[in-house]
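A.B. asks: Handing you this structure, nothing more for now.
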Amino acid sequence: MIPITVVEFGADTERLVLEVLRTGRIAQGPMVARFEAAFAELVGVKHAVAVNNGTTSLVAALQVLDLEPGSEVITSPFTFAATLNAILEAGAIARFADISAEDFNVDAASVRERVSARTRVLMPVHLYGQTADMDPLTEIASEHGLALIEDAAQAHGATYRGRGAGSFGIGSFSFYATKNITTGEGGVITTDDDALAEKLRILRNQGMRARYEYVMLGHNYRMTDLQAALALPQMQRYDEVVDARAANAASLSAGLRGVPGLVVPAQLPDRRHVWHQYTVRVTDDAQVSRDEFVARLNEAGVGAGVYYPRLVFDYDAYRTHPGVVIEDTPVAAAVAQQVVSLPVHPHLSSQDLETIVTAVHDILGAPDGGSR
Ligand SMILES: Cc1ncc(COP(=O)(O)O)c(C=O)c1O
């Protein structure tokens with residue numbers, strides 16, 4: 001089976017982890033500080049505050065805004081549950097704008113329609129490694145005085161018109177095991193705002209500004225030096241990793257363009273896509289349903305994933321939750337029935353890429369109606 005993700009660490013990572021172990025200082029320390037500096041540079045911001053996972057980073061980003069009860073956050077309905085869980089944990093109300101089928105991210109026109117007198121935060125999600133259309137979203141945020149929190153869990157190093165994902169407002173990233181850069185579990189919050197960064201550092205450490213000087217309610221959101229040691233070598237190699245992912249994506253798109261009933265993902269001209277996922281859409285014109293397509297890919301030895309099969313609020317736990325406002329998002333609803341992610345990770349061989357392309361053609365039929 002060609003897996004959808006592969007996690008591999010080299011000798012440099014082993015050395016760095018051993019270095020941490022031998023210091024005997026395994027909680028948050030100098031390695032976390034080094035990682036924060038490297039990550040801030042990648043995003044192009046002054047501050048990166050490392051935390052224990054991506055969900056925490058979203059919660060912390062919301063908590064430092066001191067939202068009043070009833071504050072609304074507008075986000076995407078086509079996202080991982082963490083986005084919604086974080087909004088609800090922060091005590092806010094979640095509202096949903098529709099998405100664009102082109103980049104799978106919130107559509108600014110729909111966001112604009114949903115801004116109300118209670119809206120306080122826009123939370124676009126940069127899904128699959130490509131940013132949302134940030135210019136109009138930034139414009140809406142500044143017109144209405146809204147905070148912008150970017151859920152960039154899947155978009156490390158992505159850019160929009162040359163600016164890093166996570167640099168438009170408060171950025172939130174995840175380093176979960178399958179992410180482009182991983183620490184097993186981990187997260188980071190990015191910001192250019194000195195006061196906000198300071199507040200985030202205090203919040204992550206029990207609300208403590210200096211030893212036993214508690215200045216706010218806090219939490220333990222800290223990352224460990226062992227986790228940071230896993231990330232540092234990946235940061236050094238990251239451009240190569242993105243280049244390999246982009247080359248794999250280009251090769252898949254060259255092989256798959258024109259297959260009936262299949263839409264290959266768009267790399268939009270003003271953005272650097274970091275190809276966390278390579279996600280096609282299986283439309284009504286396809287010879288088989290999306291779910292059968294996935295089953296047959298698996299039979300052919302191709303790992304494929306559906307991220308995500310349902311809209312984020314479309315579960316009993318959320319449908320009746322007072323903090324969830326269910327709204328009509330027809331594009332997102334249609335897209336959730338169509339998406340399939342194919343392997344795009346940097347460990348794919350040219351033979352693997354050929355196997356994936358051939359399997360798709362065999363299932364959906366070549367453009368001439370024949371099979372390869
Ligand atoms: C879009 C999105 N938001 C938030 C998260 C939460 O990150 P974590 O799993 O590190 O808590 C993830 C990843 O898992 C994600 O994909």
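Letters for chains follow the order of the structure tokens (A, B, ...), residue numbers begin at 1 for each chain, and ligand numbers begin at 1 in the order shown.
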Enumerate as a PDB file with N, CA and C atoms, in the first residue's frame all residues of range 109-342 of chain A assigned to strand (DSSP E or B) by DSSP on the backbone, naming them with the chain letters and numbers the document uses.
C.D. replies:
ATOM      1  N   THR A 119     -20.308  39.871  15.673  1.00  0.00           N
ATOM      2  CA  THR A 119     -19.084  39.225  15.158  1.00  0.00           C
ATOM      3  C   THR A 119     -17.853  39.898  15.741  1.00  0.00           C
ATOM      4  N   ARG A 120     -16.922  39.094  16.236  1.00  0.00           N
ATOM      5  CA  ARG A 120     -15.671  39.636  16.796  1.00  0.00           C
ATOM      6  C   ARG A 120     -14.434  39.076  16.100  1.00  0.00           C
ATOM      7  N   VAL A 121     -14.580  37.875  15.517  1.00  0.00           N
ATOM      8  CA  VAL A 121     -13.396  37.203  14.969  1.00  0.00           C
ATOM      9  C   VAL A 121     -13.723  36.564  13.616  1.00  0.00           C
ATOM     10  N   LEU A 122     -12.807  36.698  12.666  1.00  0.00           N
ATOM     11  CA  LEU A 122     -12.855  35.885  11.448  1.00  0.00           C
ATOM     12  C   LEU A 122     -11.791  34.817  11.600  1.00  0.00           C
ATOM     13  N   MET A 123     -12.186  33.579  11.362  1.00  0.00           N
ATOM     14  CA  MET A 123     -11.223  32.484  11.496  1.00  0.00           C
ATOM     15  C   MET A 123     -11.174  31.647  10.212  1.00  0.00           C
ATOM     16  N   VAL A 125      -9.653  29.045   7.569  1.00  0.00           N
ATOM     17  CA  VAL A 125      -8.824  27.838   7.700  1.00  0.00           C
ATOM     18  C   VAL A 125      -8.087  27.675   6.379  1.00  0.00           C
ATOM     19  N   ALA A 147     -11.034  40.726  14.877  1.00  0.00           N
ATOM     20  CA  ALA A 147      -9.732  40.047  14.962  1.00  0.00           C
ATOM     21  C   ALA A 147      -9.698  38.971  13.880  1.00  0.00           C
ATOM     22  N   LEU A 148      -8.500  38.701  13.400  1.00  0.00           N
ATOM     23  CA  LEU A 148      -8.327  37.673  12.379  1.00  0.00           C
ATOM     24  C   LEU A 148      -7.454  36.578  12.988  1.00  0.00           C
ATOM     25  N   ILE A 149      -8.005  35.377  13.115  1.00  0.00           N
ATOM     26  CA  ILE A 149      -7.202  34.234  13.575  1.00  0.00           C
ATOM     27  C   ILE A 149      -7.150  33.248  12.417  1.00  0.00           C
ATOM     28  N   GLU A 150      -5.960  32.962  11.944  1.00  0.00           N
ATOM     29  CA  GLU A 150      -5.822  32.028  10.826  1.00  0.00           C
ATOM     30  C   GLU A 150      -5.566  30.623  11.357  1.00  0.00           C
ATOM     31  N   ASP A 151      -6.460  29.695  11.042  1.00  0.00           N
ATOM     32  CA  ASP A 151      -6.188  28.298  11.360  1.00  0.00           C
ATOM     33  C   ASP A 151      -5.293  27.759  10.246  1.00  0.00           C
ATOM     34  N   THR A 159       2.207  30.827   1.425  1.00  0.00           N
ATOM     35  CA  THR A 159       2.168  32.290   1.334  1.00  0.00           C
ATOM     36  C   THR A 159       0.999  32.740   0.461  1.00  0.00           C
ATOM     37  N   TYR A 160       0.609  33.990   0.678  1.00  0.00           N
ATOM     38  CA  TYR A 160      -0.418  34.650  -0.118  1.00  0.00           C
ATOM     39  C   TYR A 160       0.169  35.995  -0.515  1.00  0.00           C
ATOM     40  N   ARG A 163       3.175  36.975   1.407  1.00  0.00           N
ATOM     41  CA  ARG A 163       3.110  37.035   2.881  1.00  0.00           C
ATOM     42  C   ARG A 163       2.783  35.665   3.461  1.00  0.00           C
ATOM     43  N   GLY A 164       3.426  35.352   4.576  1.00  0.00           N
ATOM     44  CA  GLY A 164       3.264  34.025   5.158  1.00  0.00           C
ATOM     45  C   GLY A 164       1.887  33.791   5.762  1.00  0.00           C
ATOM     46  N   ILE A 170      -3.541  36.653  13.905  1.00  0.00           N
ATOM     47  CA  ILE A 170      -2.895  35.694  14.796  1.00  0.00           C
ATOM     48  C   ILE A 170      -2.885  34.372  14.041  1.00  0.00           C
ATOM     49  N   GLY A 171      -1.715  33.748  13.943  1.00  0.00           N
ATOM     50  CA  GLY A 171      -1.617  32.476  13.222  1.00  0.00           C
ATOM     51  C   GLY A 171      -1.649  31.311  14.197  1.00  0.00           C
ATOM     52  N   SER A 172      -2.251  30.209  13.775  1.00  0.00           N
ATOM     53  CA  SER A 172      -2.313  29.022  14.620  1.00  0.00           C
ATOM     54  C   SER A 172      -1.892  27.813  13.792  1.00  0.00           C
ATOM     55  N   PHE A 173      -0.916  27.068  14.292  1.00  0.00           N
ATOM     56  CA  PHE A 173      -0.360  25.931  13.547  1.00  0.00           C
ATOM     57  C   PHE A 173      -0.397  24.670  14.404  1.00  0.00           C
ATOM     58  N   SER A 174      -0.443  23.532  13.719  1.00  0.00           N
ATOM     59  CA  SER A 174      -0.392  22.232  14.400  1.00  0.00           C
ATOM     60  C   SER A 174       0.837  21.466  13.929  1.00  0.00           C
ATOM     61  N   TYR A 176       0.928  18.051  14.625  1.00  0.00           N
ATOM     62  CA  TYR A 176       0.461  16.670  14.795  1.00  0.00           C
ATOM     63  C   TYR A 176       1.247  15.742  13.849  1.00  0.00           C
ATOM     64  N   GLY A 184       4.977  15.199  16.711  1.00  0.00           N
ATOM     65  CA  GLY A 184       4.085  14.204  17.306  1.00  0.00           C
ATOM     66  C   GLY A 184       2.792  14.894  17.710  1.00  0.00           C
ATOM     67  N   GLY A 187       1.984  22.650  18.758  1.00  0.00           N
ATOM     68  CA  GLY A 187       1.331  23.762  18.068  1.00  0.00           C
ATOM     69  C   GLY A 187       2.132  25.030  18.271  1.00  0.00           C
ATOM     70  N   VAL A 188       1.764  26.066  17.541  1.00  0.00           N
ATOM     71  CA  VAL A 188       2.424  27.348  17.725  1.00  0.00           C
ATOM     72  C   VAL A 188       1.447  28.455  17.356  1.00  0.00           C
ATOM     73  N   ILE A 189       1.595  29.582  18.039  1.00  0.00           N
ATOM     74  CA  ILE A 189       0.787  30.761  17.728  1.00  0.00           C
ATOM     75  C   ILE A 189       1.757  31.831  17.241  1.00  0.00           C
ATOM     76  N   THR A 190       1.416  32.483  16.134  1.00  0.00           N
ATOM     77  CA  THR A 190       2.313  33.500  15.577  1.00  0.00           C
ATOM     78  C   THR A 190       1.631  34.864  15.599  1.00  0.00           C
ATOM     79  N   THR A 191       2.436  35.895  15.865  1.00  0.00           N
ATOM     80  CA  THR A 191       1.890  37.259  15.876  1.00  0.00           C
ATOM     81  C   THR A 191       3.024  38.287  15.754  1.00  0.00           C
ATOM     82  N   ASN A 205       1.707  29.513  30.584  1.00  0.00           N
ATOM     83  CA  ASN A 205       2.470  29.109  31.764  1.00  0.00           C
ATOM     84  C   ASN A 205       1.736  29.494  33.051  1.00  0.00           C
ATOM     85  N   MET A 208       1.527  33.052  34.745  1.00  0.00           N
ATOM     86  CA  MET A 208       2.646  33.533  35.551  1.00  0.00           C
ATOM     87  C   MET A 208       3.565  34.430  34.719  1.00  0.00           C
ATOM     88  N   ARG A 209       3.780  35.686  35.171  1.00  0.00           N
ATOM     89  CA  ARG A 209       4.697  36.574  34.445  1.00  0.00           C
ATOM     90  C   ARG A 209       6.139  36.316  34.889  1.00  0.00           C
ATOM     91  N   ALA A 210       6.339  36.194  36.172  1.00  0.00           N
ATOM     92  CA  ALA A 210       7.631  35.785  36.727  1.00  0.00           C
ATOM     93  C   ALA A 210       7.297  34.727  37.777  1.00  0.00           C
ATOM     94  N   GLU A 213       4.363  34.885  40.190  1.00  0.00           N
ATOM     95  CA  GLU A 213       3.682  36.180  40.024  1.00  0.00           C
ATOM     96  C   GLU A 213       2.561  35.971  38.993  1.00  0.00           C
ATOM     97  N   TYR A 214       1.370  35.650  39.525  1.00  0.00           N
ATOM     98  CA  TYR A 214       0.243  35.309  38.650  1.00  0.00           C
ATOM     99  C   TYR A 214      -0.509  36.578  38.285  1.00  0.00           C
ATOM    100  N   ASN A 220      -1.628  25.198  31.557  1.00  0.00           N
ATOM    101  CA  ASN A 220      -0.357  24.624  31.131  1.00  0.00           C
ATOM    102  C   ASN A 220      -0.498  24.229  29.673  1.00  0.00           C
ATOM    103  N   LEU A 262     -13.281  13.972 -12.807  1.00  0.00           N
ATOM    104  CA  LEU A 262     -12.255  14.251 -11.799  1.00  0.00           C
ATOM    105  C   LEU A 262     -11.775  15.688 -11.957  1.00  0.00           C
ATOM    106  N   VAL A 263     -11.733  16.440 -10.861  1.00  0.00           N
ATOM    107  CA  VAL A 263     -11.207  17.806 -10.895  1.00  0.00           C
ATOM    108  C   VAL A 263      -9.927  17.819 -10.060  1.00  0.00           C
ATOM    109  N   ARG A 271      -0.413  32.371  -4.740  1.00  0.00           N
ATOM    110  CA  ARG A 271      -0.173  31.647  -3.479  1.00  0.00           C
ATOM    111  C   ARG A 271       0.907  30.572  -3.597  1.00  0.00           C
ATOM    112  N   ARG A 272       1.644  30.364  -2.502  1.00  0.00           N
ATOM    113  CA  ARG A 272       2.523  29.204  -2.422  1.00  0.00           C
ATOM    114  C   ARG A 272       1.762  28.119  -1.677  1.00  0.00           C
ATOM    115  N   TYR A 278      -3.047  16.582  -1.356  1.00  0.00           N
ATOM    116  CA  TYR A 278      -3.365  16.733  -2.780  1.00  0.00           C
ATOM    117  C   TYR A 278      -4.788  16.202  -2.923  1.00  0.00           C
ATOM    118  N   THR A 279      -5.732  17.113  -3.089  1.00  0.00           N
ATOM    119  CA  THR A 279      -7.141  16.725  -2.983  1.00  0.00           C
ATOM    120  C   THR A 279      -7.895  16.935  -4.290  1.00  0.00           C
ATOM    121  N   VAL A 280      -8.375  15.839  -4.849  1.00  0.00           N
ATOM    122  CA  VAL A 280      -9.177  15.904  -6.083  1.00  0.00           C
ATOM    123  C   VAL A 280     -10.660  15.908  -5.703  1.00  0.00           C
ATOM    124  N   ARG A 281     -11.488  16.286  -6.689  1.00  0.00           N
ATOM    125  CA  ARG A 281     -12.937  16.166  -6.496  1.00  0.00           C
ATOM    126  C   ARG A 281     -13.482  15.169  -7.504  1.00  0.00           C
ATOM    127  N   VAL A 282     -14.309  14.250  -7.025  1.00  0.00           N
ATOM    128  CA  VAL A 282     -14.982  13.280  -7.884  1.00  0.00           C
ATOM    129  C   VAL A 282     -16.403  13.804  -8.080  1.00  0.00           C
ATOM    130  N   VAL A 302      -3.399   1.980  -3.233  1.00  0.00           N
ATOM    131  CA  VAL A 302      -3.181   3.422  -3.090  1.00  0.00           C
ATOM    132  C   VAL A 302      -3.938   3.911  -1.858  1.00  0.00           C
ATOM    133  N   GLY A 305      -7.513   9.334   1.357  1.00  0.00           N
ATOM    134  CA  GLY A 305      -8.262   9.772   2.535  1.00  0.00           C
ATOM    135  C   GLY A 305      -9.355  10.751   2.147  1.00  0.00           C
ATOM    136  N   VAL A 324     -23.565  26.820  18.383  1.00  0.00           N
ATOM    137  CA  VAL A 324     -23.377  26.532  16.952  1.00  0.00           C
ATOM    138  C   VAL A 324     -24.565  27.060  16.158  1.00  0.00           C
ATOM    139  N   VAL A 339     -14.629  15.160  -2.200  1.00  0.00           N
ATOM    140  CA  VAL A 339     -13.167  15.201  -2.037  1.00  0.00           C
ATOM    141  C   VAL A 339     -12.512  13.846  -1.750  1.00  0.00           C
ATOM    142  N   VAL A 340     -11.338  13.697  -2.309  1.00  0.00           N
ATOM    143  CA  VAL A 340     -10.478  12.537  -2.027  1.00  0.00           C
ATOM    144  C   VAL A 340      -9.031  13.026  -2.054  1.00  0.00           C
ATOM    145  N   SER A 341      -8.283  12.756  -1.009  1.00  0.00           N
ATOM    146  CA  SER A 341      -6.871  13.141  -0.991  1.00  0.00           C
ATOM    147  C   SER A 341      -6.017  11.937  -1.363  1.00  0.00           C
ATOM    148  N   LEU A 342      -5.073  12.183  -2.271  1.00  0.00           N
ATOM    149  CA  LEU A 342      -4.167  11.129  -2.750  1.00  0.00           C
ATOM    150  C   LEU A 342      -2.778  11.367  -2.141  1.00  0.00           C
TER     151      LEU A 342
END
A.B. asks: Which residues of chain A come within 8 Å of ligand 1, and for each one, what is the closest pair of atoms and their distance in Å to one decimal, counting only C-alpha atoms and all ligand atoms, sorted by chain and residue number, as CSV?
C.D. replies:
residue,atom,partner,partner_atom_place_in_ligand_line,distance
A:Asn52,CA,ligand 1,10 (O),7.8
A:Asn53,CA,ligand 1,10 (O),4.1
A:Gly54,CA,ligand 1,10 (O),3.4
A:Thr55,CA,ligand 1,11 (O),3.7
A:Thr56,CA,ligand 1,11 (O),6.4
A:Ser57,CA,ligand 1,11 (O),7.9
A:Leu58,CA,ligand 1,4 (C),7.4
A:Thr79,CA,ligand 1,1 (C),5.4
A:Phe80,CA,ligand 1,1 (C),5.0
A:Ala81,CA,ligand 1,3 (N),7.3
A:Ala82,CA,ligand 1,4 (C),4.7
A:Thr83,CA,ligand 1,3 (N),5.1
A:Val125,CA,ligand 1,1 (C),6.0
A:His126,CA,ligand 1,1 (C),7.2
A:Leu127,CA,ligand 1,1 (C),6.2
A:Asp151,CA,ligand 1,3 (N),5.8
A:Ala152,CA,ligand 1,1 (C),6.8
A:Ala153,CA,ligand 1,2 (C),4.8
A:Gln154,CA,ligand 1,16 (O),5.6
A:Phe173,CA,ligand 1,7 (O),7.1
A:Ser174,CA,ligand 1,10 (O),4.1
A:Phe175,CA,ligand 1,10 (O),5.6
A:Tyr176,CA,ligand 1,10 (O),4.6
A:Lys179,CA,ligand 1,13 (C),7.7
A:Glu185,CA,ligand 1,10 (O),5.8
A:Gly186,CA,ligand 1,10 (O),5.6
A:Gly187,CA,ligand 1,10 (O),5.8
A.B. asks: Go ahead and write the residues just picked, N, CA and C atoms, as an mmCIF file, in the first residue's frame.
C.D. replies:
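Ended up saving to part24.cif:
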data_model
loop_
_atom_site.group_PDB
_atom_site.id
_atom_site.type_symbol
_atom_site.label_atom_id
_atom_site.label_comp_id
_atom_site.auth_asym_id
_atom_site.auth_seq_id
_atom_site.Cartn_x
_atom_site.Cartn_y
_atom_site.Cartn_z
ATOM 1 N N ASN A 52 1.281 23.026 23.270
ATOM 2 C CA ASN A 52 1.297 21.563 23.237
ATOM 3 C C ASN A 52 0.515 20.916 22.098
ATOM 4 N N ASN A 53 -0.352 21.632 21.435
ATOM 5 C CA ASN A 53 -0.968 21.108 20.206
ATOM 6 C C ASN A 53 -1.698 22.226 19.453
ATOM 7 N N GLY A 54 -2.198 21.897 18.274
ATOM 8 C CA GLY A 54 -2.824 22.902 17.416
ATOM 9 C C GLY A 54 -4.182 23.357 17.945
ATOM 10 N N THR A 55 -4.886 22.461 18.613
ATOM 11 C CA THR A 55 -6.190 22.842 19.174
ATOM 12 C C THR A 55 -5.976 23.879 20.277
ATOM 13 N N THR A 56 -5.003 23.599 21.134
ATOM 14 C CA THR A 56 -4.633 24.551 22.187
ATOM 15 C C THR A 56 -4.261 25.902 21.599
ATOM 16 N N SER A 57 -3.532 25.881 20.480
ATOM 17 C CA SER A 57 -3.085 27.165 19.914
ATOM 18 C C SER A 57 -4.294 27.985 19.462
ATOM 19 N N LEU A 58 -5.326 27.318 18.940
ATOM 20 C CA LEU A 58 -6.546 28.046 18.560
ATOM 21 C C LEU A 58 -7.260 28.582 19.800
ATOM 22 N N THR A 79 -13.785 21.838 7.660
ATOM 23 C CA THR A 79 -12.554 21.842 8.446
ATOM 24 C C THR A 79 -12.577 20.684 9.419
ATOM 25 N N PHE A 80 -11.468 20.505 10.108
ATOM 26 C CA PHE A 80 -11.348 19.492 11.147
ATOM 27 C C PHE A 80 -12.082 19.980 12.400
ATOM 28 N N ALA A 81 -12.575 19.029 13.187
ATOM 29 C CA ALA A 81 -13.387 19.354 14.367
ATOM 30 C C ALA A 81 -12.694 20.315 15.334
ATOM 31 N N ALA A 82 -11.350 20.316 15.350
ATOM 32 C CA ALA A 82 -10.610 21.164 16.291
ATOM 33 C C ALA A 82 -10.981 22.634 16.139
ATOM 34 N N THR A 83 -11.214 23.075 14.916
ATOM 35 C CA THR A 83 -11.537 24.486 14.682
ATOM 36 C C THR A 83 -12.791 24.849 15.477
ATOM 37 N N VAL A 125 -9.653 29.045 7.569
ATOM 38 C CA VAL A 125 -8.824 27.838 7.700
ATOM 39 C C VAL A 125 -8.087 27.675 6.379
ATOM 40 N N HIS A 126 -6.763 27.581 6.428
ATOM 41 C CA HIS A 126 -5.995 27.409 5.183
ATOM 42 C C HIS A 126 -5.891 25.909 4.898
ATOM 43 N N LEU A 127 -6.943 25.376 4.304
ATOM 44 C CA LEU A 127 -7.045 23.921 4.189
ATOM 45 C C LEU A 127 -6.083 23.336 3.160
ATOM 46 N N ASP A 151 -6.460 29.695 11.042
ATOM 47 C CA ASP A 151 -6.188 28.298 11.360
ATOM 48 C C ASP A 151 -5.293 27.759 10.246
ATOM 49 N N ALA A 152 -3.986 27.861 10.503
ATOM 50 C CA ALA A 152 -2.984 27.464 9.510
ATOM 51 C C ALA A 152 -2.366 26.113 9.890
ATOM 52 N N ALA A 153 -3.154 25.279 10.591
ATOM 53 C CA ALA A 153 -2.663 23.966 11.052
ATOM 54 C C ALA A 153 -2.030 23.166 9.921
ATOM 55 N N GLN A 154 -2.565 23.341 8.705
ATOM 56 C CA GLN A 154 -2.108 22.525 7.572
ATOM 57 C C GLN A 154 -1.238 23.321 6.599
ATOM 58 N N PHE A 173 -0.916 27.068 14.292
ATOM 59 C CA PHE A 173 -0.360 25.931 13.547
ATOM 60 C C PHE A 173 -0.397 24.670 14.404
ATOM 61 N N SER A 174 -0.443 23.532 13.719
ATOM 62 C CA SER A 174 -0.392 22.232 14.400
ATOM 63 C C SER A 174 0.837 21.466 13.929
ATOM 64 N N PHE A 175 1.429 20.692 14.845
ATOM 65 C CA PHE A 175 2.553 19.818 14.472
ATOM 66 C C PHE A 175 2.202 18.372 14.774
ATOM 67 N N TYR A 176 0.928 18.051 14.625
ATOM 68 C CA TYR A 176 0.461 16.670 14.795
ATOM 69 C C TYR A 176 1.247 15.742 13.849
ATOM 70 N N LYS A 179 1.341 16.173 9.993
ATOM 71 C CA LYS A 179 1.501 17.505 9.385
ATOM 72 C C LYS A 179 2.845 17.625 8.649
ATOM 73 N N GLU A 185 2.862 15.677 18.741
ATOM 74 C CA GLU A 185 1.811 16.624 19.123
ATOM 75 C C GLU A 185 2.518 17.963 19.307
ATOM 76 N N GLY A 186 1.870 19.040 18.943
ATOM 77 C CA GLY A 186 2.489 20.352 19.144
ATOM 78 C C GLY A 186 1.728 21.412 18.382
ATOM 79 N N GLY A 187 1.984 22.650 18.758
ATOM 80 C CA GLY A 187 1.331 23.762 18.068
ATOM 81 C C GLY A 187 2.132 25.030 18.271
#
A.B. asks: Just the residues within 12 Å of Asp239 in chain A, please, counting only C-alpha atoms, with nothing from its chain fewer than 3 positions along; format it as an MDAnalysis selection string.
C.D. replies: chainID A and resid 42 156:158 180:181 233:236 242:246 272:274 346
A.B. asks: Hey, what's within 12 Å of Ala197 in chain A if we count only C-alpha atoms and toss same-chain stuff fewer than 3 positions away? As a ChimeraX atom specification, please?
C.D. replies: /A:36,40,45-50,60-61,64-65,170-171,188-194,200-204
A.B. asks: Skipping near chain neighbours, those fewer than 6 positions away, what residues fall within 10 Å of Glu102 in chain A using only C-alpha atoms, listed as a list of chain:residue names?
C.D. replies: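 After dropping sequence-adjacent residues, the list is A:Val263, A:Val264, A:Pro265, A:Ala266, A:Gln267, A:Leu268.
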A.B. asks: Between CA of Arg161 in chain A and CA of Ala97 in chain A, measure the distance and give it in Å to one decimal.
C.D. replies: 22.9 Å
A.B. asks: DSSP on the backbone: what in range 173-219 of chain A comes out helix (DSSP H, G or I), as JSON, numbers by chain?
C.D. replies: {"A": [194, 195, 196, 197, 198, 199, 200, 201, 202, 203, 204]}
